[in-house]
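Chemist: Data: protein09.txt, compact mmCIF, C-alpha atoms.
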# COMPACT_ATOMS: atom_id res chain seq x y z
CA MET A 1 -12.97 -23.18 1.74
CA ASN A 2 -11.58 -21.51 4.85
CA HIS A 3 -10.30 -18.20 3.50
CA THR A 4 -7.79 -17.09 6.13
CA PRO A 5 -4.37 -15.54 5.59
CA HIS A 6 -2.95 -19.03 6.15
CA THR A 7 -4.87 -20.55 3.23
CA MET A 8 -4.21 -17.52 0.99
CA LEU A 9 -0.41 -17.73 1.33
CA GLY A 10 0.29 -20.36 -1.31
CA LEU A 11 3.19 -20.02 -3.71
CA ALA A 12 1.02 -19.77 -6.82
CA ALA A 13 -0.99 -16.85 -5.44
CA THR A 14 1.79 -15.01 -3.63
CA LEU A 15 4.46 -14.97 -6.33
CA PRO A 16 4.19 -13.15 -9.68
CA VAL A 17 3.01 -15.27 -12.61
CA ASP A 18 6.45 -14.83 -14.18
CA SER A 19 8.33 -15.48 -10.95
CA GLN A 20 11.09 -17.28 -12.83
CA HIS A 21 12.10 -13.88 -14.24
CA ALA A 22 11.24 -11.73 -11.22
CA LEU A 23 13.89 -10.21 -8.94
CA LEU A 24 12.02 -10.24 -5.64
CA VAL A 25 13.37 -8.68 -2.45
CA GLY A 26 11.83 -9.17 0.96
CA ARG A 27 12.63 -9.25 4.64
CA VAL A 28 12.44 -12.21 6.96
CA HIS A 29 12.52 -12.24 10.73
CA VAL A 30 14.93 -14.89 11.97
CA ALA A 31 15.09 -15.75 15.66
CA GLY A 32 18.39 -14.59 17.15
CA LEU A 33 19.24 -12.43 14.12
CA GLY A 34 16.28 -10.07 13.74
CA ALA A 35 15.20 -8.72 10.36
CA VAL A 36 17.20 -10.18 7.46
CA LEU A 37 17.16 -8.85 3.88
CA VAL A 38 16.42 -11.66 1.43
CA GLN A 39 15.97 -12.50 -2.21
CA VAL A 40 12.87 -14.61 -2.79
CA ARG A 41 12.75 -17.30 -5.46
CA GLY A 42 10.18 -19.96 -6.11
CA GLU A 43 12.19 -22.68 -4.41
CA GLY A 44 13.80 -20.76 -1.58
CA VAL A 45 14.57 -17.62 0.39
CA TYR A 46 18.19 -16.42 0.42
CA ASP A 47 19.98 -14.13 2.88
CA ILE A 48 21.51 -11.21 0.92
CA SER A 49 22.56 -9.10 3.91
CA SER A 50 26.20 -9.40 2.83
CA LEU A 51 25.19 -7.50 -0.32
CA ALA A 52 23.15 -4.87 1.52
CA ALA A 53 22.37 -4.70 5.22
CA THR A 54 18.98 -3.07 4.68
CA CYS A 55 16.42 -2.73 1.92
CA SER A 56 17.17 0.98 1.92
CA ASP A 57 20.85 0.25 1.25
CA LEU A 58 20.01 -2.14 -1.59
CA LEU A 59 17.94 0.49 -3.39
CA GLU A 60 20.86 2.93 -3.15
CA LEU A 61 22.97 0.69 -5.42
CA ARG A 62 23.36 2.02 -8.95
CA ASP A 63 22.16 -1.26 -10.46
CA PRO A 64 20.31 -3.41 -7.90
CA ALA A 65 19.20 -5.90 -10.57
CA SER A 66 22.77 -6.74 -11.65
CA ALA A 67 23.91 -6.90 -8.04
CA LEU A 68 21.18 -9.38 -7.17
CA ARG A 69 21.92 -11.58 -10.17
CA SER A 70 25.60 -11.82 -9.32
CA HIS A 71 25.11 -12.47 -5.59
CA THR A 72 24.78 -15.89 -4.00
CA GLY A 73 23.18 -15.86 -0.59
CA VAL A 74 22.68 -18.48 2.10
CA LYS A 75 19.35 -20.27 1.88
CA LEU A 76 17.19 -19.63 4.95
CA GLY A 77 14.40 -22.00 4.00
CA ASP A 78 11.82 -23.01 1.46
CA THR A 79 9.62 -20.16 0.27
CA GLN A 80 6.39 -22.06 0.90
CA ASP A 81 7.42 -22.96 4.46
CA ILE A 82 8.26 -19.37 5.33
CA LEU A 83 5.04 -18.14 3.73
CA ALA A 84 2.99 -20.62 5.73
CA ASN A 85 4.67 -19.46 8.94
CA SER A 86 3.87 -15.82 8.11
CA ALA A 87 0.15 -16.21 8.78
CA HIS A 88 -0.76 -14.45 12.02
CA ASN A 89 -2.77 -17.49 13.17
CA ALA A 90 0.01 -20.01 12.42
CA LEU A 91 3.06 -18.02 13.49
CA ASP A 92 5.98 -19.83 15.10
CA LEU A 93 8.34 -17.11 16.36
CA SER A 94 11.24 -19.55 16.44
CA ALA A 95 11.01 -20.08 12.66
CA PRO A 96 11.52 -17.52 9.86
CA TYR A 97 8.54 -15.45 8.75
CA PHE A 98 8.08 -12.62 6.27
CA LEU A 99 7.91 -8.96 7.25
CA ALA A 100 7.05 -5.98 5.09
CA PRO A 101 9.83 -5.76 2.46
CA CYS A 102 10.82 -2.15 3.27
CA ASP A 103 12.67 -1.01 6.39
CA LEU A 104 14.23 2.45 6.94
CA GLN A 105 12.32 4.15 4.13
CA ALA A 106 9.72 6.81 4.91
CA ILE A 107 6.22 5.61 4.04
CA LYS A 108 4.42 8.19 1.94
CA ALA A 109 1.14 8.17 0.04
CA ALA A 110 -0.42 10.11 -2.79
CA GLY A 111 -4.12 10.81 -2.38
CA VAL A 112 -6.96 11.62 -4.75
CA THR A 113 -5.13 10.38 -7.83
CA PHE A 114 -8.15 8.73 -9.48
CA VAL A 115 -11.42 10.39 -10.46
CA SER A 116 -13.67 7.81 -8.81
CA SER A 117 -11.92 8.02 -5.45
CA MET A 118 -11.80 11.82 -5.73
CA LEU A 119 -15.57 11.91 -5.96
CA GLU A 120 -15.86 9.63 -2.93
CA ARG A 121 -13.59 11.94 -0.91
CA VAL A 122 -15.86 14.86 -1.81
CA ILE A 123 -18.85 12.77 -0.74
CA GLU A 124 -17.20 11.87 2.59
CA GLU A 125 -16.56 15.55 3.21
CA GLN A 126 -20.11 16.61 2.33
CA ALA A 127 -21.59 13.76 4.41
CA ARG A 128 -19.33 14.77 7.34
CA GLY A 129 -18.22 11.16 7.77
CA ASP A 130 -21.76 9.78 8.14
CA ALA A 131 -22.14 6.65 5.98
CA ALA A 132 -25.94 6.83 6.18
CA LYS A 133 -25.93 10.16 4.34
CA ALA A 134 -23.46 9.14 1.66
CA GLU A 135 -25.84 7.93 -1.05
CA GLY A 136 -27.95 11.08 -1.02
CA VAL A 137 -24.86 13.25 -1.10
CA ARG A 138 -23.39 11.11 -3.91
CA GLN A 139 -26.40 11.74 -6.13
CA ALA A 140 -26.32 15.48 -5.43
CA VAL A 141 -22.59 15.81 -6.12
CA VAL A 142 -22.71 13.81 -9.35
CA ALA A 143 -25.65 15.89 -10.54
CA VAL A 144 -23.48 18.99 -10.32
CA ILE A 145 -20.00 17.88 -11.41
CA GLY A 146 -20.75 14.63 -13.25
CA GLU A 147 -18.92 11.32 -12.94
CA ASN A 148 -16.29 11.70 -15.64
CA LEU A 149 -13.48 14.13 -14.92
CA SER A 150 -10.85 11.79 -16.30
CA ALA A 151 -10.25 13.96 -19.36
CA VAL A 152 -9.20 16.86 -17.13
CA LYS A 153 -5.43 17.09 -16.74
CA PRO A 154 -4.48 18.26 -13.23
CA GLY A 155 -3.08 21.79 -13.26
CA SER A 156 -4.07 22.48 -16.87
CA PRO A 157 -5.88 25.66 -18.00
CA GLU A 158 -9.01 23.54 -18.52
CA ALA A 159 -8.77 22.32 -14.93
CA MET A 160 -8.51 25.88 -13.67
CA GLN A 161 -11.57 26.87 -15.71
CA LEU A 162 -13.49 23.95 -14.19
CA LYS A 163 -12.34 25.05 -10.74
CA ALA A 164 -13.76 28.55 -11.35
CA VAL A 165 -17.09 27.08 -12.45
CA LEU A 166 -17.36 24.78 -9.43
CA ILE A 167 -16.49 27.59 -7.02
CA ALA A 168 -19.24 29.68 -8.60
CA GLN A 169 -21.66 26.79 -8.04
CA GLY A 170 -20.60 26.43 -4.41
CA VAL A 171 -19.32 22.86 -4.66
CA TRP A 172 -15.55 23.37 -4.59
CA SER A 173 -13.74 21.00 -2.22
CA GLN A 174 -10.24 20.55 -0.85
CA TYR A 175 -10.29 17.11 -2.50
CA LEU A 176 -11.04 18.62 -5.90
CA GLU A 177 -8.12 20.99 -5.31
CA VAL A 178 -5.60 18.15 -5.06
CA GLY A 179 -7.49 16.07 -7.63
CA ILE A 180 -7.35 18.54 -10.51
CA GLY A 181 -5.11 21.31 -9.18
CA PRO A 182 -1.36 21.58 -9.90
CA ASP A 183 -0.16 20.12 -6.60
CA ALA A 184 -0.65 16.47 -5.70
CA GLU A 185 -1.61 15.40 -2.20
CA ILE A 186 1.46 13.69 -0.72
CA PHE A 187 1.19 12.74 2.94
CA THR A 188 2.93 10.54 5.48
CA LYS A 189 0.98 7.30 5.63
CA SER A 190 2.95 5.59 8.36
CA GLN A 191 6.30 5.54 10.12
CA PRO A 192 9.45 3.74 8.93
CA MET A 193 9.46 0.11 10.11
CA SER A 194 5.75 0.19 11.03
CA ALA A 195 4.26 -1.53 7.96
CA VAL A 196 3.08 -5.13 8.28
CA GLY A 197 3.68 -7.78 5.65
CA THR A 198 1.61 -10.45 3.98
CA GLY A 199 -0.13 -12.85 6.35
CA ALA A 200 -0.23 -10.35 9.21
CA GLU A 201 -3.32 -8.74 10.68
CA ILE A 202 -4.17 -5.20 9.61
CA GLY A 203 -5.72 -2.73 12.01
CA ILE A 204 -8.75 -0.45 11.95
CA HIS A 205 -9.38 2.02 14.75
CA PRO A 206 -11.83 0.48 17.27
CA GLU A 207 -13.97 3.64 17.23
CA SER A 208 -14.39 3.65 13.44
CA SER A 209 -17.74 2.55 11.99
CA TRP A 210 -17.03 3.45 8.34
CA ASN A 211 -13.74 2.27 6.89
CA ASN A 212 -12.32 0.45 3.90
CA PRO A 213 -9.24 -1.10 2.31
CA GLU A 214 -7.36 0.77 -0.39
CA PRO A 215 -5.52 -1.51 -2.84
CA GLU A 216 -2.53 0.30 -4.30
CA ILE A 217 0.76 -0.01 -6.12
CA VAL A 218 3.67 1.14 -3.94
CA LEU A 219 6.85 2.49 -5.52
CA ALA A 220 10.24 1.84 -3.94
CA VAL A 221 12.25 5.06 -4.34
CA ASN A 222 15.84 5.73 -3.26
CA SER A 223 17.39 8.92 -1.87
CA ARG A 224 18.17 10.17 -5.38
CA GLY A 225 14.51 10.02 -6.34
CA GLU A 226 15.05 6.97 -8.56
CA VAL A 227 12.23 4.43 -8.61
CA GLN A 228 13.95 1.05 -8.24
CA GLY A 229 10.95 -1.26 -8.02
CA ALA A 230 7.35 -1.72 -6.96
CA THR A 231 5.16 -3.76 -4.66
CA LEU A 232 1.57 -3.86 -3.40
CA GLY A 233 -0.01 -2.03 -0.49
CA ASN A 234 -3.20 -1.71 1.49
CA ASP A 235 -3.66 1.87 2.67
CA VAL A 236 -6.29 1.09 5.32
CA ASN A 237 -8.59 4.10 5.58
CA LEU A 238 -11.14 5.43 8.09
CA ARG A 239 -13.78 7.21 6.02
CA ASP A 240 -15.69 8.48 9.05
CA PHE A 241 -12.65 10.07 10.74
CA GLU A 242 -11.36 11.80 7.61
CA GLY A 243 -14.87 12.73 6.53
CA ARG A 244 -15.46 14.63 9.79
CA SER A 245 -12.37 16.73 9.16
CA ALA A 246 -9.37 16.59 6.84
CA LEU A 247 -7.31 17.55 9.90
CA LEU A 248 -7.99 14.03 11.17
CA LEU A 249 -6.08 12.53 8.23
CA GLY A 250 -3.25 11.42 10.49
CA LYS A 251 -5.64 9.61 12.82
CA ALA A 252 -7.55 8.16 9.86
CA LYS A 253 -4.42 6.79 8.21
CA ASP A 254 -1.74 6.07 10.81
CA ASN A 255 -2.78 3.49 13.38
CA ASN A 256 -1.22 0.26 14.57
CA ALA A 257 -0.98 -2.14 11.59
CA SER A 258 -2.98 0.21 9.35
CA CYS A 259 -0.32 -0.05 6.62
CA ALA A 260 0.33 -3.33 4.80
CA ILE A 261 3.08 -3.61 2.16
CA GLY A 262 4.19 -6.67 0.24
CA PRO A 263 4.56 -9.43 -0.39
CA PHE A 264 7.91 -8.45 -1.99
CA ILE A 265 9.50 -5.55 -3.85
CA ARG A 266 9.99 -6.45 -7.49
CA ILE A 267 13.18 -4.77 -8.67
CA PHE A 268 13.07 -3.13 -12.09
CA ASP A 269 14.97 -4.91 -14.88
CA GLU A 270 14.42 -5.82 -18.52
CA HIS A 271 11.47 -8.04 -17.51
CA PHE A 272 9.62 -5.47 -15.37
CA THR A 273 9.76 -1.69 -15.77
CA MET A 274 7.82 1.44 -14.94
CA ASP A 275 5.82 0.92 -18.12
CA ASP A 276 4.63 -2.40 -16.69
CA VAL A 277 3.58 -0.60 -13.51
CA ARG A 278 1.57 1.86 -15.59
CA GLN A 279 -0.41 -1.05 -17.06
CA CYS A 280 -1.06 -2.92 -13.80
CA ASP A 281 -4.65 -3.85 -13.02
CA LEU A 282 -5.17 -4.51 -9.32
CA ALA A 283 -7.81 -6.92 -8.06
CA MET A 284 -9.07 -6.77 -4.51
CA GLN A 285 -11.32 -9.10 -2.58
CA VAL A 286 -12.81 -8.79 0.91
CA ARG A 287 -14.21 -12.02 2.32
CA GLY A 288 -15.97 -11.90 5.68
CA THR A 289 -16.66 -14.64 8.19
CA ASP A 290 -20.35 -13.82 7.67
CA GLY A 291 -20.21 -14.94 4.04
CA PHE A 292 -20.01 -11.40 2.70
CA VAL A 293 -17.82 -11.06 -0.38
CA MET A 294 -16.81 -7.84 -2.10
CA GLU A 295 -14.59 -7.58 -5.13
CA GLY A 296 -13.10 -4.49 -6.71
CA ALA A 297 -10.44 -3.36 -9.13
CA SER A 298 -8.09 -0.45 -9.67
CA SER A 299 -6.34 0.21 -12.98
CA ILE A 300 -3.16 2.27 -12.87
CA SER A 301 -3.72 3.21 -16.51
CA LYS A 302 -6.58 5.44 -15.32
CA ILE A 303 -4.46 7.39 -12.84
CA SER A 304 -4.73 11.16 -13.30
CA ARG A 305 -1.04 11.85 -12.54
CA ASP A 306 1.83 9.74 -13.85
CA PRO A 307 3.62 7.70 -11.16
CA LEU A 308 6.92 9.42 -11.90
CA ASP A 309 5.25 12.82 -11.52
CA LEU A 310 3.98 11.77 -8.10
CA ALA A 311 7.44 10.57 -7.09
CA SER A 312 8.99 13.85 -8.23
CA GLN A 313 6.45 15.81 -6.19
CA ALA A 314 7.44 13.83 -3.09
CA ILE A 315 11.20 14.45 -3.31
CA GLY A 316 13.30 17.32 -4.62
CA ALA A 317 15.35 20.34 -3.71
CA ASN A 318 12.96 21.25 -0.90
CA HIS A 319 12.52 17.75 0.56
CA GLN A 320 15.04 14.92 0.84
CA TYR A 321 14.76 11.33 2.09
CA PRO A 322 18.25 10.04 2.92
CA ASP A 323 16.90 6.51 3.42
CA GLY A 324 14.54 6.66 0.46
CA PHE A 325 10.78 6.25 0.63
CA MET A 326 7.90 3.99 -0.30
CA LEU A 327 5.13 5.79 -2.18
CA PHE A 328 1.52 4.58 -2.34
CA LEU A 329 0.09 5.73 -5.68
CA GLY A 330 -3.55 5.97 -4.62
CA THR A 331 -6.54 3.92 -5.70
CA MET A 332 -9.60 4.26 -7.87
CA PHE A 333 -11.39 1.78 -5.60
CA ALA A 334 -13.92 3.34 -3.24
CA PRO A 335 -16.45 0.74 -2.05
CA THR A 336 -20.14 1.62 -2.09
CA GLN A 337 -21.57 -1.91 -1.83
CA ASP A 338 -24.07 -2.09 1.03
CA ARG A 339 -23.09 -4.52 3.75
CA HIS A 340 -25.37 -3.89 6.72
CA GLY A 341 -28.43 -2.49 4.98
CA PRO A 342 -29.61 -0.23 2.16
CA GLY A 343 -27.71 3.03 2.00
CA GLN A 344 -25.19 1.97 4.64
CA GLY A 345 -22.35 1.32 2.19
CA PHE A 346 -19.35 -0.83 3.02
CA THR A 347 -17.34 -1.06 6.20
CA HIS A 348 -14.97 -3.69 7.54
CA VAL A 349 -15.89 -6.32 10.09
CA VAL A 350 -13.30 -7.98 12.29
CA GLY A 351 -12.25 -11.22 10.63
CA ASP A 352 -12.40 -9.93 7.05
CA VAL A 353 -9.63 -11.31 4.86
CA VAL A 354 -8.40 -8.78 2.30
CA THR A 355 -6.33 -9.74 -0.73
CA VAL A 356 -4.72 -7.28 -3.13
CA SER A 357 -3.21 -8.81 -6.25
CA THR A 358 -1.88 -8.20 -9.73
CA PRO A 359 -0.20 -10.83 -11.92
CA ARG A 360 3.24 -9.21 -12.14
CA LEU A 361 3.56 -8.49 -8.38
CA GLY A 362 1.67 -11.36 -6.74
CA THR A 363 -0.74 -11.16 -3.81
CA LEU A 364 -0.79 -9.34 -0.48
CA ALA A 365 -3.15 -11.06 2.02
CA ASN A 366 -4.18 -9.80 5.47
CA ARG A 367 -6.88 -10.32 8.09
CA VAL A 368 -8.72 -7.37 9.66
CA ASN A 369 -8.74 -6.72 13.38
CA THR A 370 -8.94 -3.58 15.49
CA SER A 371 -5.68 -1.69 15.97
CA ASP A 372 -5.74 -2.23 19.74
CA LYS A 373 -6.00 -6.01 19.31
CA VAL A 374 -3.41 -6.68 16.59
CA ALA A 375 0.19 -7.44 17.54
CA PRO A 376 1.76 -4.23 18.90
CA TRP A 377 4.54 -2.57 16.92
CA THR A 378 7.75 -3.19 18.87
CA TYR A 379 10.48 -3.68 16.24
CA GLY A 380 11.69 -0.25 15.17
CA ALA A 381 14.78 1.30 13.62
CA GLY A 382 16.69 1.26 16.91
CA GLN A 383 16.26 -2.50 17.34
CA LEU A 384 17.19 -3.09 13.70
CA MET A 385 20.42 -1.11 14.20
CA ARG A 386 21.26 -3.11 17.33
CA ASP A 387 20.64 -6.38 15.46
CA LEU A 388 22.81 -5.30 12.51
CA ALA A 389 25.60 -4.18 14.84
CA ARG A 390 25.50 -7.56 16.60
CA ARG A 391 25.84 -9.23 13.19
CA ASP A 392 28.71 -6.87 12.23
CA LEU A 393 26.72 -5.50 9.27
CA LEU A 394 26.99 -1.82 10.18
Could you quickly redo this structure as structure tokens?
Modeler:
Amino acid sequence: MNHTPHTMLGLAATLPVDSQHALLVGRVHVAGLGAVLVQVRGEGVYDISSLAATCSDLLELRDPASALRSHTGVKLGDTQDILANSAHNALDLSAPYFLAPCDLQAIKAAGVTFVSSMLERVIEEQARGDAAKAEGVRQAVVAVIGENLSAVKPGSPEAMQLKAVLIAQGVWSQYLEVGIGPDAEIFTKSQPMSAVGTGAEIGIHPESSWNNPEPEIVLAVNSRGEVQGATLGNDVNLRDFEGRSALLLGKAKDNNASCAIGPFIRIFDEHFTMDDVRQCDLAMQVRGTDGFVMEGASSISKISRDPLDLASQAIGANHQYPDGFMLFLGTMFAPTQDRHGPGQGFTHVVGDVVTVSTPRLGTLANRVNTSDKVAPWTYGAGQLMRDLARRDLL
């Protein structure tokens, strides 16, 4: 089977298993109109811009679920047709295609929220971004601090005692600080309007030789700090850049098309709540043109900080987001499977197709390319405002 974004964008895979109950919000680019806010159902995609001009506006409503149920929008097309046209290699710009479901929201991410990925960040740091040294460093680090820190509650007295012991042993790390310390790592992953949606190409820096996908749940949070829904994300990461220096985090994380979000935001209602998010198990697959296949998983139930705690650390009296924000929750997936030889670990190859999925949110599918070769980012907030003004939606 030819596993490309085009073949991975079927209805059955993309939509949640209980799509008949799911309130799904997305954005579609329509020629002559620009980005249009839509509700996605199994049989069709409906323009809801008369309810809310932007996704950010929709999430500001006191009860988005009730508003969506009572609103009748104009059908823009069949869901399957628009999905098929969203594949980067089958894109017809004159027909509707899906974008990332968020728009004006800031795009934030929480890091080092799972024990397994925390250990890998420590290993990256100790290996100074050199994949060839990672396995030896991994064995040395695990010998000192062990593999199971999941019982340690971040910020607790026990965590502080462990910190003192590790400092005494000379293995304390900035990643352990945010992993078990009181303050979560919350950083800016990407810029508003810069995320790509399902079917699009994702970008890795052309100078990176050690990088990986990061399958994550992404919370949709409004300006009041209320989590209104959730979706999937791929927080593309450059392990070599960040491993050389944490000060390169911005360059490791924020490149053209390095942030994928989608396929749709599922709005919270009686059928899908934060408790369902807490129980989500994410599956990820990387399939290369060379026949290489890697599969991984990330279980939100094993997260070291509750999703609502992470959201509350991102917004508050000292930091507001008037347009809301999207928050990546982090991942426990840190690939160590050798791809190019023993001890070399995993890194992407151009042409890889990455899928991130969970039954209640569907599937996000993207193809890997270098960030200088993917479609350039040209549609920003200014163009969206001009398009909305032309449509008399402002």
Chemist: Using Å and a single decimal, report how far CA of Gly324 (chain A) sits from CA of Leu68 (chain A).
Modeler: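 Going from CA of Leu68 (chain A) over to CA of Gly324 (chain A) covers 19.0 Å.
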Chemist: Distance CA of Asp392 (chain A)-CA of Gly34 (chain A), one decimal place?
Modeler: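 Taking CA of Asp392 (chain A) and CA of Gly34 (chain A), their separation equals 12.9 Å.
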Chemist: Considering only C-alpha atoms, state which residue in the set A:Ala127, A:Ala95, A:Ala230, A:Val74 is at the smallest distance from Thr358 (chain A).
Modeler: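 Using only C-alpha atoms, the shortest distance to Thr358 (chain A) belongs to A:Ala230.
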Chemist: Could you give me, as a ChimeraX atom specification, the residues that sit within 12 Å of (10.8, 18.0, 3.3) in the file's coordinates, counting all atoms listed in the file?
Modeler: /A:106,108,186-188,313-322
Chemist: From the set A:Thr113, A:Thr370, A:Ser298, A:Thr14, which residue has the shortest atom-to-atom contact distance to Ala184 (chain A), counting all atoms listed in the file?
Modeler: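 Looking at the shortest contact to Ala184 (chain A), the residue is A:Thr113.
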Chemist: Mind checking which residues fall within 8 Å of Gly351 (chain A), counting all atoms listed in the file, ignoring those fewer than 6 positions away in the same chain, and posting them as a list in words?
Modeler: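 Close residues of Gly351 (chain A): Gly288, Thr289, Arg367, Val368 and Asn369 of chain A.
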Chemist: Have a look at A:Thr231, A:Ser86, A:Ser304, A:Ser70 and name the one nearest to Gly181 (chain A); count all atoms listed in the file.
Modeler: A:Ser304
Chemist: Name all residues at most 6 Å from Gly229 (chain A) (count all atoms listed in the file; drop same-chain ones fewer than 2 positions away) and give them as a PyMOL selection string.
Modeler: chain A and resi 220+227+266-268
Chemist: With C-alpha atoms retained, could you export that selection as a PDB file, in the frame of the given file?
Modeler:
ATOM      1  CA  ALA A 220      10.240   1.840  -3.940  1.00  0.00           C
ATOM      2  CA  VAL A 227      12.230   4.430  -8.610  1.00  0.00           C
ATOM      3  CA  ARG A 266       9.990  -6.450  -7.490  1.00  0.00           C
ATOM      4  CA  ILE A 267      13.180  -4.770  -8.670  1.00  0.00           C
ATOM      5  CA  PHE A 268      13.070  -3.130 -12.090  1.00  0.00           C
TER       6      PHE A 268
END
Chemist: From the options A:Leu247, A:Ala365, A:Met294, A:Leu93, which residue's atoms come nearest to Ile261 (chain A), counting only C-alpha atoms?
Modeler: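 Looking at the shortest contact to Ile261 (chain A), the residue is A:Ala365.
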Chemist: Can you tell me, as JSON, numbers by chain, what residues are no more than 12 Å from Ser50 (chain A) when counting only C-alpha atoms, ignoring any on the same chain fewer than 6 positions away?
Modeler: {"A": [36, 37, 38, 39, 57, 58, 67, 68, 71, 72, 73, 74, 388, 391, 392, 393, 394]}
Chemist: With distances taken over all atoms listed in the file, which residue among A:Ser299, A:Asn212, A:Gln126, A:Ser223 lies nearest Leu59 (chain A)?
Modeler: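 Using all atoms listed in the file, the shortest distance to Leu59 (chain A) belongs to A:Ser223.
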Chemist: Using all atoms of region 84-87 of chain A listed in the file and a margin of 5 Å per side, can you give the axis-aligned box centre and edge lengths in Å to one decimal, as lines of an AutoDock Vina configuration file?
Modeler:
center_x = 2.4
center_y = -18.2
center_z = 7.3
size_x = 14.5
size_y = 14.8
size_z = 13.2
Chemist: Tell me which protein, DNA and RNA residues are within 8 Å of Ser245 (chain A), counting only C-alpha atoms, leaving out same-chain ones fewer than 3 positions away, and put them as number ranges by chain.
Modeler: A: 125, 128, 241-242, 248-249
Chemist: Which distance in Å separates CA of Gly233 (chain A) and CA of Ser19 (chain A), to one decimal?
Modeler: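 Separation between CA of Gly233 (chain A) and CA of Ser19 (chain A): 19.0 Å.
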Chemist: Could you make a table, as a tab-separated table, of the residues of region 81-121 of chain A that have an atom within 10 Å of an atom of region 45-49 of chain A, each with its nearest atom pair and distance in Å to one decimal, counting all atoms listed in the file, in chain and number order?
Modeler:
residue	atom	partner	partner_atom	distance
A:Asp81	CA	A:Val45	CA	9.8
A:Ile82	CA	A:Val45	CA	8.2
A:Pro96	CA	A:Val45	CA	9.9
